[in-house]
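Have a look at the structure below before the remarks.
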Amino acid sequence: MADPLSTSRAATRTEGRRVSDFSIVVATANGTGSQTANLTLLRAIFQMGVPVHGKNVFPSNIQGLPTWFHIRASAEGWVARQAPEIAVAYNPATLHEDVAALPSGGVLILNDDLRGAPERDDVITYRVPVKELMEDATAKGKLKDYLANMTYLGVVTQLLGVSLDEVHAALENQFAGRRKLVDANYPIVEKAWRWSESTLQKRDPFTIEPMSATDGLILVTGNDAAGLGSVFGGASFVAWYPITPSTSLVDALKSHLVDLRTDEDGTPSWTVIQAEDELAAIGMVLGAGWAGARAVTATSGPGISLMAEFTGLGYFAEIPAVVWDVQRVGPSTGLPTRTGQGDVGFAYTLGHGDGKHPVFLPGSVEECFEFGWRAFDVAEQAQTPVFVLTDLDLGMNTWMAQRFAYPDEPMRRGKVLRGDQIPDDFGRYRDVDGDGIAPRTLPGDPNPRSAWFARGTGHDDAAVYSERPEDWQANTDRLARKFDTIRGLMPAPVVDAIEDAKIGVICMGSTQYAIHEARARLAEAGQHVSLLRLRGLPIGEAVRAFISEHERTVVVEMNRDGQLCGILRAELPDLAARIHSVAHLDGLPYAADQIEAWLAPHLVATGELVAEEVV
Amino acid sequence: MTVPAARQPNVVGLTKADYGGRPSTLCKGCGHNAVANQIVQVAFELGLRPNEIVKLSGIGCSSKSPAYFLGMSHGFNALHGRMPSIATGALSANHKLRALGVSGDGDTGSIGLGQFKHLLRRNVRMVYLVENNGVYGLTKGQFSPTAEDGLKLKYAGTNPFPPVEICAEALVSGCGFVARGFAGDAKQLRELLKAALSHRGTAVIDIISPCVAFNNEDDSQKSYAYGRSNEVPLEDIGWVPPQDDIVIDDHEPGETRVIELHDGSRMALTKVEAGYDPSDRGVALTRLQQAEARGEILTGLLYFDDQRPSLSEAVGLGQTPLAEMSDERLRPSREALERVLDRY
């Protein structure tokens, strides 16, 4: 959702009640199957027409370590992370911190079988007798653990005013109609719901009331959207190596290929290969791109490191490829299950020697879908590796979205000469059009003039090995020209310029949600801040114009070094002094409060805020 | 009027010259040139269509050579040790292509050993040649991973480690066509190349291809005997003496022949006997080990099995290569998208 849904903020907080405006955190242990309960709760709220978003804060672990699922319901449509007011405490290992983190007036839904929960007089506590509610369940062992999570689903939905019918429908959707699973889970939910209704006295202010704000919307993860978009982009070859958080992108891509791109006789119009490592994954993608297929790989930071070598070859031999980087936290292995934007600087110039690459920066699941197909067009038009930088928050979490728009334009396959189109004086790298992009031919073409020798070594415009200084320079100058052409191929930024605003914020990707919310709060206080959300590199003229129009530009990004800020300063040296950096990374998605705090010094600097007002 | 033999067209109307490439920049007498010449000869004799072939290579002296043959075929000089992944992608995109890959002992046995083995696991349909000289030529004479234990080189001293046995690695990786040839045995090499080109999956030929420049202080305790002292001093490694190709042309099955290399060292080549049964992987491994123990290099087709499907067969590709599919086939319909979205 690019823009928050509009409803009056005040309307949701009447009479001390908090209607469809709160955050829940569910604390469980990884591997206990709590995801089903969490996603069912999320979907039940969504079905009631209330804007909702879920974030899974999970460990790099298969089983046992703590995991927290955040659900935010917001009648106004805000989806950024927010400190939770309701905690479901089902994990003994984190009991103390989960209870301690609640604000005064918060709600604790406690697994009553857990011992030693700290007492909080200022918190409304509901104790759930999980063992007792599970008495009738015949399941044993691990399955019983799974089902135990259904107890909080029943209690939470009942307390919030979600009907059993809604919960049942959400559960059916979650299990994609698999009757056995629904039948195994639902009785526990129902029992807990009815127990809650008959036993608990509602003492907290949080409720959900039906709305129609989610009509026509879908709930989907960014990785699923990216996989689907790639299929509609005509992906025919996929090579990859498993790595969190990109694995689910390829899983989705493959399942959509099976579903949508398999002939009636079972013949696939695609191949997916799990490579031995990321070196091989991108090598296969480049081999396929050279031979004429639309080829894609997906990885995360550590994989990008390994792909540096082949990216340089792809850049220099000019081979189309699409590389998705679902960013996690680096350097090194870093935080594999936490989100960040720390690869932008590396990916943009990946490889030794000179070279820059087109980078798509999707900021929503809709854009994950759109750039999923559009990236192939740019890769083939520009004959070069193209990166799509998303992140764990966007990729693995569940977001509301508009139904994806079908690509309403033909595939752009770039300059490919075939058969008789190949001129007698064909030279693979001859810039006949003056845009830096020379036509290519594909292996298998029957015209004997078609052949050329792809290589990472110095070459002349006929692809013949050359160490001549003038050949080297002419070739690399042409590549620089090509990069200028690419500027015009990238999606334009989304700009919300406020008249007379002194501060302009530039952001990319999923941080936009916290920024939207912070801007709205600032606007309520009379402080207006413009926003430019970058959707691709290299930048175009719109970025220069935006920075020129504001006294101060603040680049907000989720890394320590201010990588995007550095890129903008380098590309717009005459404006560099106006460009300021707000760069923070702790592994968690931003909250609006943080953005407000980080922008405050800049508002002070431009005189829009007096220093005393800054808390 | 008679047409000279070199201009006689083959079944597809091409002359031998049509299969040539750019002039070689390798050292004169290098075994790699002999291999390139045999590739030209075989492609001509078989009447291969150049547009149906792709030439692939990694990095190193050997990997330069695809520029020197089949000039009308597309080629891809990849990265060091990474030809297998390029091949896997290219032949997935267009499984109608035939691929001829040229690698070296360092490219395959050292930096590329992982990709080599995974290529064989996947059984990508291609001919994979290893031009094996046991030395790094382009970087002036370091040991390659196939250098013999105890081998002495001017640059590198004495090699204290056992060699990577390319054929054995291929065998244990599931390769269905494992052969060894010698760059100087043109007749055997042509036979192996022809057989390899018709193989269903990956066909590996490890070709002993002597280096004229750097394998010049050969003192192996095993297969290389210390030969006569070189007549041409090689202290200045920037200068490489012109050498004649080493040729053997009447090597009989079962026979062991001792070859004198450029530097005067010797190498014992044993050709598998006429009745050798190449269908047993275990026997092939045993014979390789026996030969090594005797200080001999076993040549010929060591193992053959065409039962395992190639990659494109295993993934069930149809007649039309992925790269030749229409945009309509690649992009599902608007209705298909709506159907998926209804599930979210």
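Just remember, in the structure tokens the first chain shown is A, the second B, etc., residues are 1-based per chain, and ligands are 1-based in the order shown.
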
I need the contact residues of chain A against chain B, so if you could list those with any atom within 6 Å, counting only C-alpha atoms, and return them as JSON, numbers by chain, that would help.
{"A": [218, 219, 232, 234, 267, 280, 283, 284, 285, 287, 288, 291, 292, 293, 443, 444, 446, 448, 451, 452, 453, 454, 455]}

9 Å contact set for A:Ala379, only C-alpha atoms, chain neighbours under 6 positions out, as an MDAnalysis selection string:
chainID A and resid 294 319:322 358 385:386 413:414

DSSP on the backbone: what in stretch 244-321 of chain A comes out helix (DSSP H, G or I), as a ChimeraX atom specification?
/A:247-260,278-290,301-317

Atom CA of A:Ser246 to atom CA of A:Ser300, distance in Å rounded to a single decimal:
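According to the coordinates, atom CA of A:Ser246 and atom CA of A:Ser300 are separated by 6.2 Å.
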
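The interatomic distance for the pair atom CA of A:Val99 and atom CA of A:Gly116 works out to 11.1 Å.
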
Find the spatial neighbours of A:Gly222, counting only C-alpha atoms, within a cut-off of 10 Å - ignore same-chain residues fewer than 2 positions away - and output them as number ranges by chain.
A: 219-220, 224-228, 248-249, 326, 362-369, 390-399, 401

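The shell of residues at most 9 Å from B:His199, with only C-alpha atoms counted and near chain neighbours (fewer than 2 positions) removed, consists of Arg125, Met126, Val127, Gly176, Phe177, Ala195, Ala196, Leu197, Gly201, Thr202, Ala203 and Asp306 of chain B.
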
Considering only strand (DSSP E) as DSSP defines it on the backbone, what residues of stretch 86-325 of chain A qualify? List them as a PyMOL selection string.
chain A and resi 86-89+107-111+124-128+206-207+217-221+237-240+271-274+295-299+321-325

Now that the selection is made, can you save its residues with C-alpha atoms as a PDB file, in the first residue's frame?
```pdb
ATOM      1  CA  ILE A  86      -1.257  -6.578  23.612  1.00  0.00           C
ATOM      2  CA  ALA A  87       1.100  -9.475  24.285  1.00  0.00           C
ATOM      3  CA  VAL A  88       0.365 -13.143  23.927  1.00  0.00           C
ATOM      4  CA  ALA A  89       2.948 -14.797  26.181  1.00  0.00           C
ATOM      5  CA  VAL A 107      -2.980  -6.403  27.821  1.00  0.00           C
ATOM      6  CA  LEU A 108      -1.311  -9.707  28.661  1.00  0.00           C
ATOM      7  CA  ILE A 109      -2.740 -12.977  27.421  1.00  0.00           C
ATOM      8  CA  LEU A 110      -0.782 -15.481  29.395  1.00  0.00           C
ATOM      9  CA  ASN A 111      -0.406 -19.212  29.049  1.00  0.00           C
ATOM     10  CA  ILE A 124      -4.714  -6.247  32.243  1.00  0.00           C
ATOM     11  CA  THR A 125      -3.954  -9.941  32.425  1.00  0.00           C
ATOM     12  CA  TYR A 126      -6.022 -12.817  31.050  1.00  0.00           C
ATOM     13  CA  ARG A 127      -4.828 -16.272  32.035  1.00  0.00           C
ATOM     14  CA  VAL A 128      -5.456 -19.058  29.536  1.00  0.00           C
ATOM     15  CA  PHE A 206      -9.258  -3.011  22.368  1.00  0.00           C
ATOM     16  CA  THR A 207     -11.868  -4.174  19.869  1.00  0.00           C
ATOM     17  CA  LEU A 217      -7.437  -5.997  -1.559  1.00  0.00           C
ATOM     18  CA  ILE A 218      -5.292  -9.104  -1.258  1.00  0.00           C
ATOM     19  CA  LEU A 219      -2.898 -10.319   1.431  1.00  0.00           C
ATOM     20  CA  VAL A 220       0.452 -11.480   0.131  1.00  0.00           C
ATOM     21  CA  THR A 221       4.172 -11.549   0.882  1.00  0.00           C
ATOM     22  CA  PHE A 237      15.221 -20.373 -16.436  1.00  0.00           C
ATOM     23  CA  VAL A 238      15.845 -20.140 -12.706  1.00  0.00           C
ATOM     24  CA  ALA A 239      18.999 -21.156 -10.878  1.00  0.00           C
ATOM     25  CA  TRP A 240      19.442 -20.511  -7.199  1.00  0.00           C
ATOM     26  CA  THR A 271      13.651 -25.137 -15.820  1.00  0.00           C
ATOM     27  CA  VAL A 272      14.524 -24.509 -12.184  1.00  0.00           C
ATOM     28  CA  ILE A 273      17.910 -25.717 -10.958  1.00  0.00           C
ATOM     29  CA  GLN A 274      19.075 -25.696  -7.371  1.00  0.00           C
ATOM     30  CA  ALA A 295      16.826 -16.105 -16.614  1.00  0.00           C
ATOM     31  CA  VAL A 296      16.651 -15.116 -12.971  1.00  0.00           C
ATOM     32  CA  THR A 297      18.227 -15.930  -9.637  1.00  0.00           C
ATOM     33  CA  ALA A 298      17.337 -14.870  -6.102  1.00  0.00           C
ATOM     34  CA  THR A 299      19.650 -14.569  -3.145  1.00  0.00           C
ATOM     35  CA  ALA A 321      20.304 -11.489 -16.131  1.00  0.00           C
ATOM     36  CA  VAL A 322      17.947 -10.686 -13.274  1.00  0.00           C
ATOM     37  CA  VAL A 323      19.225 -10.991  -9.704  1.00  0.00           C
ATOM     38  CA  TRP A 324      16.880 -10.578  -6.736  1.00  0.00           C
ATOM     39  CA  ASP A 325      18.542  -9.640  -3.483  1.00  0.00           C
TER      40      ASP A 325
END
```

In terms of only C-alpha atoms, the residue from A:Gly372, A:Pro59, A:Gly427, A:Gly177 at minimal distance from A:Phe404 is A:Gly372

Which residues come within 8 Å of A:Leu257, counting only C-alpha atoms, excluding same-chain residues fewer than 5 positions away, as a ChimeraX atom specification?
/A:231,262,270

Proximity to B:Tyr68 - best of B:Phe116, B:Tyr136, B:Phe44, B:Tyr19, only C-alpha atoms
B:Tyr19

Quick one: everything within 12 Å of stretch 93-95 of chain A, counting only C-alpha atoms, minus sequence neighbours fewer than 2 positions away in the same chain. Send it as a VMD selection string.
chain A and resid 26 to 30 64 to 68 87 to 91 97 to 102 108 to 119

Would you save the residues of that selection, restricted to C-alpha atoms, as a compact mmCIF listing (two decimals), in the first residue's frame?
```
# COMPACT_ATOMS: atom_id res chain seq x y z
CA VAL A 26 2.57 -13.15 19.91
CA ALA A 27 5.59 -14.67 21.66
CA THR A 28 6.18 -18.36 21.00
CA ALA A 29 9.10 -20.69 20.39
CA ASN A 30 10.28 -21.23 16.83
CA GLY A 64 13.30 -23.78 19.90
CA LEU A 65 14.53 -20.18 19.81
CA PRO A 66 12.09 -17.38 20.51
CA THR A 67 9.95 -15.91 17.77
CA TRP A 68 7.61 -12.92 17.88
CA ALA A 87 1.10 -9.47 24.29
CA VAL A 88 0.36 -13.14 23.93
CA ALA A 89 2.95 -14.80 26.18
CA TYR A 90 3.32 -18.48 25.31
CA ASN A 91 7.09 -18.79 25.43
CA GLU A 97 10.96 -9.59 28.73
CA ASP A 98 7.60 -9.97 26.99
CA VAL A 99 5.70 -8.92 30.08
CA ALA A 100 8.17 -6.17 30.91
CA ALA A 101 7.90 -4.70 27.42
CA LEU A 102 4.17 -4.00 27.73
CA LEU A 108 -1.31 -9.71 28.66
CA ILE A 109 -2.74 -12.98 27.42
CA LEU A 110 -0.78 -15.48 29.39
CA ASN A 111 -0.41 -19.21 29.05
CA ASP A 112 -1.38 -20.03 32.63
CA ASP A 113 0.69 -23.20 32.58
CA LEU A 114 3.84 -21.12 32.51
CA ARG A 115 5.34 -20.48 35.91
CA GLY A 116 6.97 -17.36 37.21
CA ALA A 117 5.32 -14.67 35.14
CA PRO A 118 6.18 -11.27 36.63
CA GLU A 119 3.28 -9.42 38.21
```

Quick one: of A:Trp373, A:Phe175, A:Trp290, A:Phe387, who's nearest to A:Ala308, counting only C-alpha atoms?
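Of all the options, A:Phe387 lies closest to A:Ala308.
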
For the atom pair atom CA of B:Val172 and atom CA of A:Glu276, what is the interatomic distance in Å to one decimal place?
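Between these atoms lies a distance of 17.0 Å.
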